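What follows is the content of coords_3.cif, which has mmCIF, C-alpha atoms:
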data_input
#
loop_
_atom_site.label_atom_id
_atom_site.label_comp_id
_atom_site.auth_asym_id
_atom_site.auth_seq_id
_atom_site.Cartn_x
_atom_site.Cartn_y
_atom_site.Cartn_z
CA MET A 1 16.04 62.52 99.17
CA SER A 2 15.30 61.25 95.69
CA SER A 3 15.28 63.97 93.06
CA GLU A 4 12.17 62.33 91.60
CA PHE A 5 10.36 63.72 94.65
CA PRO A 6 11.84 67.12 95.31
CA HIS A 7 10.40 69.36 97.98
CA ALA A 8 6.97 70.54 96.98
CA VAL A 9 6.58 74.19 96.04
CA ARG A 10 3.52 75.70 97.66
CA ARG A 11 1.96 79.07 97.14
CA ARG A 12 0.49 81.71 99.38
CA GLY A 13 -2.85 82.90 98.03
CA LEU A 14 -3.30 86.44 96.79
CA MET A 15 -5.99 89.08 97.16
CA LEU A 16 -7.33 90.14 93.76
CA VAL A 17 -9.04 93.51 94.01
CA LEU A 18 -11.30 94.69 91.21
CA SER A 19 -12.40 98.31 91.33
CA SER A 20 -14.22 100.39 88.76
CA PRO A 21 -16.78 103.12 88.40
CA SER A 22 -20.24 101.61 88.51
CA GLY A 23 -21.38 100.60 85.05
CA ALA A 24 -17.91 99.66 83.82
CA GLY A 25 -18.67 95.94 83.98
CA LYS A 26 -16.94 94.89 87.19
CA THR A 27 -19.78 92.73 88.49
CA THR A 28 -19.96 90.68 85.28
CA ILE A 29 -16.20 90.25 85.18
CA SER A 30 -16.11 89.16 88.86
CA ARG A 31 -18.83 86.58 88.28
CA GLU A 32 -17.01 85.13 85.26
CA ILE A 33 -13.70 84.90 87.11
CA LEU A 34 -15.35 82.99 89.96
CA ALA A 35 -17.03 80.71 87.39
CA GLN A 36 -13.91 80.06 85.32
CA ASP A 37 -11.23 79.73 87.99
CA ALA A 38 -11.77 77.12 90.70
CA ASN A 39 -9.05 78.41 93.04
CA ILE A 40 -10.45 81.87 93.75
CA VAL A 41 -13.36 82.64 96.05
CA MET A 42 -15.29 85.82 96.73
CA SER A 43 -14.54 87.65 99.94
CA VAL A 44 -17.59 87.74 102.22
CA SER A 45 -18.14 91.12 103.88
CA ALA A 46 -19.64 91.73 107.26
CA THR A 47 -22.42 94.31 107.23
CA THR A 48 -24.88 96.00 109.56
CA ARG A 49 -27.34 96.34 106.67
CA PRO A 50 -30.55 94.31 107.16
CA ARG A 51 -30.73 91.08 105.21
CA ARG A 52 -32.77 91.29 102.00
CA PRO A 53 -35.02 88.55 100.68
CA GLY A 54 -32.94 85.89 98.91
CA GLU A 55 -29.70 86.80 100.70
CA GLN A 56 -28.00 84.13 102.80
CA ASP A 57 -26.08 84.88 105.98
CA GLY A 58 -22.46 83.76 105.55
CA VAL A 59 -22.81 83.56 101.76
CA ASN A 60 -23.75 87.02 100.49
CA TYR A 61 -22.76 88.78 103.69
CA ASN A 62 -22.10 88.08 107.31
CA PHE A 63 -25.01 89.99 108.82
CA THR A 64 -24.17 91.56 112.12
CA ASP A 65 -25.37 94.34 114.41
CA LEU A 66 -23.69 97.66 115.09
CA THR A 67 -22.30 96.61 118.48
CA ALA A 68 -20.59 93.55 117.02
CA PHE A 69 -19.32 95.59 114.06
CA ASN A 70 -17.86 98.28 116.34
CA LEU A 71 -16.14 95.58 118.37
CA MET A 72 -14.46 94.24 115.21
CA VAL A 73 -13.33 97.75 114.29
CA ASN A 74 -11.94 98.40 117.78
CA ARG A 75 -10.16 95.05 117.88
CA ARG A 76 -8.69 95.78 114.44
CA GLU A 77 -10.19 92.59 113.10
CA LEU A 78 -11.17 94.15 109.76
CA LEU A 79 -8.91 94.50 106.72
CA GLU A 80 -11.02 97.42 105.55
CA TYR A 81 -14.40 98.94 106.31
CA ALA A 82 -16.64 101.77 105.17
CA LYS A 83 -19.93 103.43 105.99
CA VAL A 84 -22.29 103.60 103.01
CA PHE A 85 -25.41 105.64 103.74
CA ASP A 86 -26.43 104.37 107.20
CA ASN A 87 -24.80 100.97 107.01
CA TYR A 88 -21.33 99.63 107.70
CA TYR A 89 -19.52 97.14 105.50
CA GLY A 90 -16.17 95.53 106.26
CA THR A 91 -13.87 92.60 105.54
CA PRO A 92 -12.97 90.39 108.54
CA ALA A 93 -9.26 89.56 108.33
CA ALA A 94 -9.26 86.09 109.92
CA PRO A 95 -11.17 84.10 107.25
CA VAL A 96 -9.14 85.79 104.49
CA GLU A 97 -5.89 84.77 106.23
CA VAL A 98 -7.10 81.16 106.49
CA LEU A 99 -7.74 81.13 102.73
CA LEU A 100 -4.43 82.79 101.81
CA SER A 101 -2.43 80.47 104.08
CA GLY A 102 -4.13 77.53 102.41
CA GLY A 103 -3.09 78.73 98.96
CA ARG A 104 -6.55 79.96 97.96
CA ASP A 105 -7.02 83.32 96.27
CA VAL A 106 -9.67 85.81 97.36
CA LEU A 107 -11.58 88.21 95.11
CA PHE A 108 -12.57 91.65 96.42
CA ASP A 109 -15.13 93.88 94.76
CA ILE A 110 -14.33 97.13 96.59
CA ASP A 111 -13.73 100.78 95.79
CA TRP A 112 -10.53 102.82 95.98
CA GLN A 113 -11.08 103.60 99.66
CA GLY A 114 -11.23 99.92 100.56
CA THR A 115 -8.26 99.21 98.30
CA GLN A 116 -6.19 101.86 100.07
CA GLN A 117 -6.98 100.24 103.42
CA LEU A 118 -6.12 96.76 102.12
CA ALA A 119 -2.85 98.07 100.71
CA GLU A 120 -1.90 99.47 104.10
CA GLN A 121 -2.50 96.16 105.83
CA ALA A 122 -1.46 93.59 103.26
CA ARG A 123 0.44 95.14 100.33
CA ASP A 124 2.40 91.97 99.51
CA ASP A 125 -0.76 89.90 99.11
CA LEU A 126 -2.55 92.50 97.04
CA VAL A 127 -3.03 92.52 93.26
CA SER A 128 -5.19 95.46 92.23
CA VAL A 129 -6.98 95.90 88.92
CA PHE A 130 -8.90 98.99 87.87
CA ILE A 131 -11.51 98.53 85.16
CA LEU A 132 -12.23 101.53 82.94
CA PRO A 133 -15.14 101.96 80.54
CA PRO A 134 -14.12 102.47 76.88
CA SER A 135 -16.00 105.79 76.79
CA MET A 136 -18.43 107.86 78.87
CA VAL A 137 -21.09 107.44 76.19
CA GLU A 138 -20.80 103.68 76.63
CA LEU A 139 -20.85 104.05 80.44
CA GLY A 140 -23.97 106.20 80.14
CA ARG A 141 -25.62 103.57 77.96
CA ARG A 142 -24.87 100.87 80.51
CA LEU A 143 -26.14 102.95 83.43
CA GLU A 144 -29.28 103.94 81.53
CA SER A 145 -30.03 100.34 80.64
CA ARG A 146 -30.65 99.75 84.33
CA ALA A 147 -34.17 100.75 83.40
CA GLN A 148 -35.55 101.51 86.82
CA ASP A 149 -33.36 104.58 87.35
CA SER A 150 -34.45 108.15 86.62
CA ALA A 151 -32.38 110.53 84.49
CA GLU A 152 -31.36 112.31 87.67
CA VAL A 153 -30.08 109.13 89.29
CA VAL A 154 -28.16 108.28 86.11
CA ALA A 155 -26.62 111.77 86.06
CA LEU A 156 -25.57 111.39 89.71
CA ARG A 157 -24.03 108.01 88.97
CA MET A 158 -22.15 109.44 85.99
CA ALA A 159 -20.74 112.18 88.21
CA LYS A 160 -19.77 109.62 90.87
CA ALA A 161 -18.17 107.41 88.19
CA ALA A 162 -16.14 110.35 86.89
CA ASP A 163 -14.95 110.92 90.45
CA GLU A 164 -14.02 107.31 91.11
CA MET A 165 -11.95 107.16 87.94
CA THR A 166 -9.48 109.71 89.28
CA HIS A 167 -8.08 106.89 91.44
CA TYR A 168 -7.01 104.63 88.55
CA ALA A 169 -3.37 105.56 89.17
CA GLU A 170 -3.29 103.73 92.52
CA TYR A 171 -3.80 100.35 90.85
CA ASP A 172 -1.29 97.77 89.61
CA TYR A 173 -3.16 96.91 86.42
CA ILE A 174 -5.61 98.72 84.15
CA VAL A 175 -8.17 96.87 82.04
CA ILE A 176 -10.19 98.92 79.56
CA ASN A 177 -13.45 97.01 79.22
CA ARG A 178 -14.18 97.21 75.49
CA ASP A 179 -15.37 93.61 75.34
CA VAL A 180 -16.41 91.56 78.37
CA ALA A 181 -14.94 88.25 77.19
CA GLN A 182 -11.59 89.93 76.47
CA SER A 183 -11.61 91.73 79.83
CA VAL A 184 -12.34 88.46 81.63
CA ALA A 185 -9.47 86.75 79.76
CA GLN A 186 -7.15 89.64 80.64
CA THR A 187 -8.09 89.56 84.32
CA LEU A 188 -7.65 85.77 84.42
CA ALA A 189 -4.19 86.22 82.83
CA ILE A 190 -3.29 88.71 85.57
CA LEU A 191 -4.42 86.19 88.19
CA GLN A 192 -2.47 83.36 86.59
CA ALA A 193 0.68 85.44 86.17
CA GLU A 194 0.65 86.79 89.72
CA ARG A 195 0.46 83.22 91.03
CA LEU A 196 3.78 82.55 89.29
CA ARG A 197 5.62 85.45 90.88
CA ARG A 198 8.69 84.15 92.64
CA ASP A 199 7.85 85.87 95.90
CA ARG A 200 4.45 84.15 96.13
CA GLN A 201 5.95 80.67 95.77
CA ILE A 202 6.93 79.06 99.05
CA GLY A 203 9.70 76.46 99.27
CA LEU A 204 11.51 77.35 96.04
CA GLY A 205 14.83 77.49 97.89
CA GLU A 206 14.40 73.95 99.18
CA PHE A 207 13.09 72.83 95.79
CA VAL A 208 16.18 74.11 93.96
CA LYS A 209 18.45 72.72 96.69
CA GLY A 210 16.74 69.35 96.21
CA LEU A 211 17.24 69.59 92.45
CA ARG A 212 20.92 70.42 92.79
CA GLN A 213 21.51 67.50 95.16
CA GLY A 214 19.41 65.21 92.96
CA MET B 1 -13.31 116.24 72.26
CA SER B 2 -16.08 113.68 71.89
CA SER B 3 -16.03 110.99 74.53
CA GLU B 4 -16.77 108.47 71.77
CA PHE B 5 -13.19 109.01 70.67
CA PRO B 6 -11.17 109.42 73.83
CA HIS B 7 -7.40 109.70 73.65
CA ALA B 8 -5.88 106.41 72.59
CA VAL B 9 -3.96 104.46 75.20
CA ARG B 10 -0.69 103.16 73.80
CA ARG B 11 1.79 100.81 75.32
CA ARG B 12 5.54 100.67 75.57
CA GLY B 13 6.82 97.20 74.68
CA LEU B 14 8.51 95.02 77.26
CA MET B 15 11.55 92.77 77.27
CA LEU B 16 10.62 89.21 78.19
CA VAL B 17 13.66 87.30 79.39
CA LEU B 18 13.54 83.52 79.64
CA SER B 19 16.41 81.84 81.43
CA SER B 20 16.86 78.27 82.52
CA PRO B 21 19.45 75.56 82.91
CA SER B 22 19.95 73.84 79.57
CA GLY B 23 17.54 70.94 79.18
CA ALA B 24 14.73 72.59 81.13
CA GLY B 25 12.73 73.29 77.96
CA LYS B 26 13.40 76.97 77.36
CA THR B 27 14.00 76.66 73.61
CA THR B 28 10.69 74.88 73.02
CA ILE B 29 8.80 77.39 75.18
CA SER B 30 10.42 80.33 73.36
CA ARG B 31 9.49 78.90 69.96
CA GLU B 32 5.87 78.39 71.03
CA ILE B 33 5.56 81.91 72.42
CA LEU B 34 6.81 83.39 69.15
CA ALA B 35 4.38 81.16 67.23
CA GLN B 36 1.35 81.91 69.41
CA ASP B 37 1.76 85.63 70.10
CA ALA B 38 2.05 87.93 67.10
CA ASN B 39 3.26 90.97 69.03
CA ILE B 40 6.53 89.55 70.36
CA VAL B 41 9.70 89.07 68.34
CA MET B 42 13.00 87.37 69.15
CA SER B 43 15.93 89.59 69.95
CA VAL B 44 18.70 89.17 67.37
CA SER B 45 22.17 89.02 68.91
CA ALA B 46 25.37 90.24 67.36
CA THR B 47 28.15 87.66 67.41
CA THR B 48 31.75 87.19 66.33
CA ARG B 49 31.12 83.47 65.88
CA PRO B 50 31.42 82.31 62.26
CA ARG B 51 28.17 81.75 60.43
CA ARG B 52 27.09 78.10 60.26
CA PRO B 53 25.36 76.49 57.28
CA GLY B 54 21.67 77.40 57.25
CA GLU B 55 22.11 80.50 59.43
CA GLN B 56 21.02 83.86 58.00
CA ASP B 57 22.75 87.12 58.79
CA GLY B 58 20.26 89.49 60.44
CA VAL B 59 17.85 86.67 61.22
CA ASN B 60 19.64 84.16 63.44
CA TYR B 61 22.44 86.54 64.36
CA ASN B 62 24.06 89.72 63.20
CA PHE B 63 27.44 88.32 62.23
CA THR B 64 30.24 90.73 62.88
CA ASP B 65 33.99 90.77 63.39
CA LEU B 66 35.90 91.36 66.61
CA THR B 67 36.82 94.96 65.72
CA ALA B 68 33.21 95.94 65.08
CA PHE B 69 32.10 94.10 68.23
CA ASN B 70 34.71 95.87 70.38
CA LEU B 71 33.57 99.19 68.97
CA MET B 72 29.97 98.45 70.04
CA VAL B 73 31.20 97.53 73.52
CA ASN B 74 33.29 100.69 73.82
CA ARG B 75 30.46 102.89 72.57
CA ARG B 76 28.11 101.23 75.08
CA GLU B 77 25.81 100.23 72.25
CA LEU B 78 25.06 96.79 73.74
CA LEU B 79 22.42 96.03 76.35
CA GLU B 80 24.42 92.98 77.43
CA TYR B 81 27.27 90.87 76.10
CA ALA B 82 29.28 87.82 77.00
CA LYS B 83 32.21 85.76 75.81
CA VAL B 84 31.38 82.09 75.32
CA PHE B 85 34.46 79.99 74.56
CA ASP B 86 36.27 82.09 71.96
CA ASN B 87 33.27 84.01 70.66
CA TYR B 88 31.46 87.16 71.73
CA TYR B 89 27.69 87.51 71.80
CA GLY B 90 25.76 90.69 72.56
CA THR B 91 22.44 92.53 72.18
CA PRO B 92 22.58 95.86 70.29
CA ALA B 93 20.40 98.37 72.15
CA ALA B 94 19.16 100.49 69.22
CA PRO B 95 16.95 97.94 67.39
CA VAL B 96 15.44 96.83 70.73
CA GLU B 97 14.57 100.45 71.57
CA VAL B 98 12.89 100.89 68.17
CA LEU B 99 10.71 97.85 68.86
CA LEU B 100 9.84 98.87 72.44
CA SER B 101 8.98 102.44 71.40
CA GLY B 102 6.69 101.02 68.73
CA GLY B 103 4.83 98.91 71.30
CA ARG B 104 6.39 95.61 70.27
CA ASP B 105 7.69 93.14 72.84
CA VAL B 106 11.08 91.48 72.56
CA LEU B 107 11.98 87.96 73.71
CA PHE B 108 15.43 87.23 75.09
CA ASP B 109 16.87 83.77 75.53
CA ILE B 110 19.82 84.63 77.79
CA ASP B 111 21.45 83.39 80.98
CA TRP B 112 21.56 85.00 84.41
CA GLN B 113 24.65 87.02 83.52
CA GLY B 114 22.91 88.63 80.54
CA THR B 115 19.79 89.17 82.64
CA GLN B 116 21.79 90.99 85.29
CA GLN B 117 23.22 93.31 82.63
CA LEU B 118 19.77 93.96 81.11
CA ALA B 119 18.38 94.71 84.57
CA GLU B 120 21.09 97.32 85.13
CA GLN B 121 20.28 99.08 81.89
CA ALA B 122 16.53 98.70 81.53
CA ARG B 123 14.89 97.42 84.72
CA ASP B 124 11.51 99.03 83.98
CA ASP B 125 11.19 97.29 80.61
CA LEU B 126 12.30 93.92 81.94
CA VAL B 127 10.08 90.95 82.78
CA SER B 128 12.19 87.98 83.78
CA VAL B 129 11.09 84.36 83.94
CA PHE B 130 13.21 81.48 85.21
CA ILE B 131 12.24 78.02 84.03
CA LEU B 132 13.05 75.13 86.35
CA PRO B 133 12.97 71.43 85.49
CA PRO B 134 10.55 69.36 87.61
CA SER B 135 13.41 67.11 88.75
CA MET B 136 17.08 66.41 88.03
CA VAL B 137 16.18 62.91 86.83
CA GLU B 138 13.92 64.52 84.23
CA LEU B 139 16.61 67.05 83.32
CA GLY B 140 19.11 64.19 82.91
CA ARG B 141 16.68 62.36 80.64
CA ARG B 142 16.26 65.42 78.46
CA LEU B 143 20.00 66.05 78.24
CA GLU B 144 20.71 62.37 77.50
CA SER B 145 18.13 62.32 74.72
CA ARG B 146 20.43 64.64 72.80
CA ALA B 147 21.91 61.38 71.56
CA GLN B 148 25.17 62.68 70.19
CA ASP B 149 26.57 63.63 73.58
CA SER B 150 28.84 61.39 75.63
CA ALA B 151 28.15 60.55 79.27
CA GLU B 152 30.92 62.95 80.23
CA VAL B 153 29.38 65.83 78.32
CA VAL B 154 26.00 65.08 79.91
CA ALA B 155 27.58 65.05 83.37
CA LEU B 156 29.25 68.38 82.69
CA ARG B 157 25.95 69.84 81.51
CA MET B 158 24.19 68.55 84.61
CA ALA B 159 26.80 70.25 86.79
CA LYS B 160 26.46 73.48 84.82
CA ALA B 161 22.67 73.28 85.09
CA ALA B 162 22.90 72.83 88.87
CA ASP B 163 25.07 75.92 88.96
CA GLU B 164 22.76 78.05 86.80
CA MET B 165 19.79 77.20 88.97
CA THR B 166 21.30 78.98 91.96
CA HIS B 167 20.28 82.23 90.23
CA TYR B 168 16.53 81.56 90.20
CA ALA B 169 16.04 84.08 93.00
CA GLU B 170 16.97 87.01 90.74
CA TYR B 171 13.91 86.50 88.53
CA ASP B 172 10.41 87.99 88.71
CA TYR B 173 8.57 84.78 87.85
CA ILE B 174 9.29 81.07 88.24
CA VAL B 175 7.80 78.46 85.93
CA ILE B 176 8.35 74.81 86.84
CA ASN B 177 8.23 73.01 83.50
CA ARG B 178 6.27 69.84 84.29
CA ASP B 179 4.32 70.02 81.04
CA VAL B 180 5.37 72.07 78.01
CA ALA B 181 1.85 73.16 76.98
CA GLN B 182 1.12 74.33 80.53
CA SER B 183 4.45 76.17 80.79
CA VAL B 184 3.78 77.91 77.46
CA ALA B 185 0.30 78.95 78.66
CA GLN B 186 1.79 80.23 81.92
CA THR B 187 4.48 82.24 80.16
CA LEU B 188 1.91 83.70 77.74
CA ALA B 189 -0.23 84.70 80.75
CA ILE B 190 2.77 86.47 82.26
CA LEU B 191 3.29 88.32 78.97
CA GLN B 192 -0.39 89.27 78.70
CA ALA B 193 -0.59 90.41 82.32
CA GLU B 194 2.59 92.50 82.17
CA ARG B 195 1.19 94.33 79.13
CA LEU B 196 -1.72 95.45 81.34
CA ARG B 197 0.43 96.92 84.09
CA ARG B 198 -0.54 100.52 84.61
CA ASP B 199 3.02 101.78 84.29
CA ARG B 200 3.43 100.25 80.82
CA GLN B 201 0.33 101.99 79.44
CA ILE B 202 0.98 105.39 77.94
CA GLY B 203 -1.69 108.07 77.81
CA LEU B 204 -3.93 106.73 80.59
CA GLY B 205 -4.03 110.14 82.28
CA GLU B 206 -5.31 111.79 79.10
CA PHE B 207 -7.67 108.89 78.49
CA VAL B 208 -9.27 109.23 81.93
CA LYS B 209 -9.36 113.01 81.60
CA GLY B 210 -11.15 112.55 78.28
CA LEU B 211 -13.61 110.16 79.90
CA ARG B 212 -14.36 112.54 82.74
CA GLN B 213 -14.98 115.44 80.37
CA GLY B 214 -17.05 113.22 78.08
#

In structure tokens, how does this file's structure come out?
Amino acid sequence: MSSEFPHAVRRRGLMLVLSSPSGAGKTTISREILAQDANIVMSVSATTRPRRPGEQDGVNYNFTDLTAFNLMVNRRELLEYAKVFDNYYGTPAAPVEVLLSGGRDVLFDIDWQGTQQLAEQARDDLVSVFILPPSMVELGRRLESRAQDSAEVVALRMAKAADEMTHYAEYDYIVINRDVAQSVAQTLAILQAERLRRDRQIGLGEFVKGLRQG
Amino acid sequence: MSSEFPHAVRRRGLMLVLSSPSGAGKTTISREILAQDANIVMSVSATTRPRRPGEQDGVNYNFTDLTAFNLMVNRRELLEYAKVFDNYYGTPAAPVEVLLSGGRDVLFDIDWQGTQQLAEQARDDLVSVFILPPSMVELGRRLESRAQDSAEVVALRMAKAADEMTHYAEYDYIVINRDVAQSVAQTLAILQAERLRRDRQIGLGEFVKGLRQG
């Protein structure tokens, strides 16, 4: 084997989980990451929730009925799932595995409960980032600026946010979202760095062996 | 406490170790990292080697004599040390600790033996990156372009490089140096990401507590 063409080093994809209390800026950061990095795609959840106008089956969600959803749960075909109000949401494992095996990364916008389930099933593939607001006053401002909500709804969301934040300590990385552009750059740096971890690179042994024989 | 001024989150510095076979581009990458990132400084080694013209004591090295060096070894004041030919080289622990405590990062350009010693003494502070050449032909070209060396010296260096590479598997991250600018960007991403690891951030518990009370 010529050392000009050593064995190729491939990479297994990773699962990038972003969690945060609502209002901390996670949705904006997710959208920017998908826009700025061509190798990561959003995970598509299955849900029993009815399709809303403008939503596409297989793009926004995989819309399914309760029977089909229960079957996936019983067959352990979901990486994680949760009931929110009257609807179920979950992540089918098979399409994620296809992406990871092909070296693509997958972005998850899930809460600490989903992250705990993912960690149980796929810790080695998981990179978890918790996004914190810089202050509660700022979080309140962001929640209030969603103009349609009443003061009561905002207060409930603030309480829920305060609750969610107690789980920050289960995450690998913490980003304090003082400035969206900076938080996006930081999250992209985490993604880029994790791709370079030795244990995500496949074929390094052969590559180095090829070099040494070259 | 006002939630506009939550507890500050500080950070303990980290030790970024770059190792590679000679000729793989480590020196260039180190120089660029120091130039592009204001928060990381080069570790200054102590050495018994005589000062060369142009070298400054306390900048390039801390020049010392064998008695003083032995004393540091016996007092366990060095994070790592090695004998190279007739000279000793080592990293005094105290100035590194001052930097890390102050939130500064420290760059180390050391081989796998030094890295192993650092890992024994300070695993939590350590981020280790191994830089590989893209091919042995390319490595040979780079070593040969150091025009003053004879073919024999180059061959010896190639053999030593092949030997050093067997230790890639002890490192956290692997960068294959196909393009210097890309390798610098990748190493800077590793540095930026590692700064965001939850366990390097000090005061997060108080910060979140402050947020929740805010």

Residue list for chain A near chain B as JSON, numbers by chain, 8 Å, all atoms listed in the file: {"A": [3, 4, 5, 6, 135, 136, 137, 138, 162, 163, 165, 166, 169, 171, 172, 173, 174, 175, 186, 187, 189, 190, 192, 193, 194, 196, 197, 198, 199, 208, 211, 212, 214]}

Excluding Asp124 of chain B and any residue of its chain fewer than 3 positions from it, enumerate the residues within 10 Å of it, using only C-alpha atoms, and give them as a short mmCIF file (atom, residue, chain, number, x, y, z; two decimals) with C-alpha atoms, keeping the file's coordinate frame.
data_model
loop_
_atom_site.label_atom_id
_atom_site.label_comp_id
_atom_site.auth_asym_id
_atom_site.auth_seq_id
_atom_site.Cartn_x
_atom_site.Cartn_y
_atom_site.Cartn_z
CA LEU B 14 8.51 95.02 77.26
CA MET B 15 11.55 92.77 77.27
CA ALA B 119 18.38 94.71 84.57
CA GLU B 120 21.09 97.32 85.13
CA GLN B 121 20.28 99.08 81.89
CA VAL B 127 10.08 90.95 82.78
CA ASP B 199 3.02 101.78 84.29
CA ARG B 200 3.43 100.25 80.82
#

Straight-line distance linking atom CA of Asn62 of chain B with atom CA of Val153 of chain B, stated in Å to one decimal: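 Between these atoms lies a distance of 28.8 Å.
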
A:Arg123, A:Arg157, A:Lys26, A:Arg104 ranked by distance to Leu143 of chain A, top pick (using all atoms listed in the file): A:Arg157

Non-local contacts of Val154 of chain B (12 Å; only C-alpha atoms; under 3 positions in same chain excluded) as a PyMOL selection string: chain B and resi 22-23+139-151+157-161

Using C-alpha atoms, can you export the residues from the last selection as a short mmCIF file (atom, residue, chain, number, x, y, z; two decimals), in the frame of the given file?
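This is the output file part26.cif:
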data_model
loop_
_atom_site.label_atom_id
_atom_site.label_comp_id
_atom_site.auth_asym_id
_atom_site.auth_seq_id
_atom_site.Cartn_x
_atom_site.Cartn_y
_atom_site.Cartn_z
CA SER B 22 19.95 73.84 79.57
CA GLY B 23 17.54 70.94 79.18
CA LEU B 139 16.61 67.05 83.32
CA GLY B 140 19.11 64.19 82.91
CA ARG B 141 16.68 62.36 80.64
CA ARG B 142 16.26 65.42 78.46
CA LEU B 143 20.00 66.05 78.24
CA GLU B 144 20.71 62.37 77.50
CA SER B 145 18.13 62.32 74.72
CA ARG B 146 20.43 64.64 72.80
CA ALA B 147 21.91 61.38 71.56
CA GLN B 148 25.17 62.68 70.19
CA ASP B 149 26.57 63.63 73.58
CA SER B 150 28.84 61.39 75.63
CA ALA B 151 28.15 60.55 79.27
CA ARG B 157 25.95 69.84 81.51
CA MET B 158 24.19 68.55 84.61
CA ALA B 159 26.80 70.25 86.79
CA LYS B 160 26.46 73.48 84.82
CA ALA B 161 22.67 73.28 85.09
#

Evaluate the PyMOL selection byres ((chain A and resi 109) around 8) and report residues as a list in words: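 Selection result, ordered by chain and number: Val17, Leu18, Ser19, Lys26, Thr27, Ser30, Leu107, Phe108, Ile110 and Asp111 of chain A.
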
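In this structure, atom CA of Val84 of chain A sits 10.4 Å away from atom CA of Thr48 of chain A.
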
Interatomic distance (Å, one decimal) between atom CA of Gln182 of chain A and atom CA of Ala24 of chain A: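 We find that atom CA of Gln182 of chain A and atom CA of Ala24 of chain A lie 13.7 Å from each other.
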
Kindly provide, as a PDB file with C-alpha atoms, keeping the file's coordinate frame, the polymer residues lying within 7 Å of (16.7, 87.2, 66.6), counting only C-alpha atoms and using the coordinates exactly as they appear in the file.
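File written: point20.pdb
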ATOM      1  CA  MET B  42      13.000  87.370  69.150  1.00  0.00           C
ATOM      2  CA  SER B  43      15.930  89.590  69.950  1.00  0.00           C
ATOM      3  CA  VAL B  44      18.700  89.170  67.370  1.00  0.00           C
ATOM      4  CA  SER B  45      22.170  89.020  68.910  1.00  0.00           C
ATOM      5  CA  VAL B  59      17.850  86.670  61.220  1.00  0.00           C
ATOM      6  CA  ASN B  60      19.640  84.160  63.440  1.00  0.00           C
ATOM      7  CA  TYR B  61      22.440  86.540  64.360  1.00  0.00           C
TER       8      TYR B  61
END

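The residue that comes closest to Val180 of chain A, out of A:Arg75, A:Asp57, A:Ile131, A:Pro92 and on the basis of all atoms listed in the file, is A:Ile131.
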
Chain and number of each residue from the PyMOL selection byres ((chain A and resi 70) around 12), as a PyMOL selection string: chain A and resi 46-48+64-69+71-78+81-83+87-90

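Proximity of A:Ser101, A:Thr91, A:Ser20, A:Gln36 to Leu79 of chain A, computed with all atoms listed in the file, is greatest for A:Thr91.
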
Starting from the sparse input, extend segment 74-82 of chain B to N, CA, C and O atoms and give the output as a compact mmCIF listing (two decimals), in the frame of the given file.
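Result saved to result.txt:
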# COMPACT_ATOMS: atom_id res chain seq x y z
N ASN B 74 32.70 99.43 73.35
CA ASN B 74 33.29 100.69 73.82
C ASN B 74 32.32 101.87 73.72
O ASN B 74 32.38 102.78 74.54
N ARG B 75 31.46 101.83 72.73
CA ARG B 75 30.46 102.89 72.57
C ARG B 75 29.22 102.64 73.42
O ARG B 75 28.21 103.35 73.28
N ARG B 76 29.25 101.61 74.22
CA ARG B 76 28.11 101.23 75.08
C ARG B 76 26.83 101.06 74.26
O ARG B 76 25.75 101.48 74.67
N GLU B 77 26.97 100.44 73.11
CA GLU B 77 25.81 100.23 72.25
C GLU B 77 25.12 98.88 72.49
O GLU B 77 24.15 98.55 71.81
N LEU B 78 25.64 98.11 73.46
CA LEU B 78 25.06 96.79 73.74
C LEU B 78 24.32 96.78 75.08
O LEU B 78 24.79 97.36 76.06
N LEU B 79 23.16 96.15 75.09
CA LEU B 79 22.42 96.03 76.35
C LEU B 79 23.09 95.01 77.26
O LEU B 79 23.02 95.12 78.48
N GLU B 80 23.69 94.00 76.66
CA GLU B 80 24.42 92.98 77.43
C GLU B 80 25.34 92.27 76.44
O GLU B 80 25.08 92.25 75.24
N TYR B 81 26.44 91.71 76.95
CA TYR B 81 27.27 90.87 76.10
C TYR B 81 28.04 89.88 76.95
O TYR B 81 28.16 90.05 78.17
N ALA B 82 28.53 88.85 76.29
CA ALA B 82 29.28 87.82 77.00
C ALA B 82 30.24 87.14 76.03
O ALA B 82 30.03 87.15 74.83
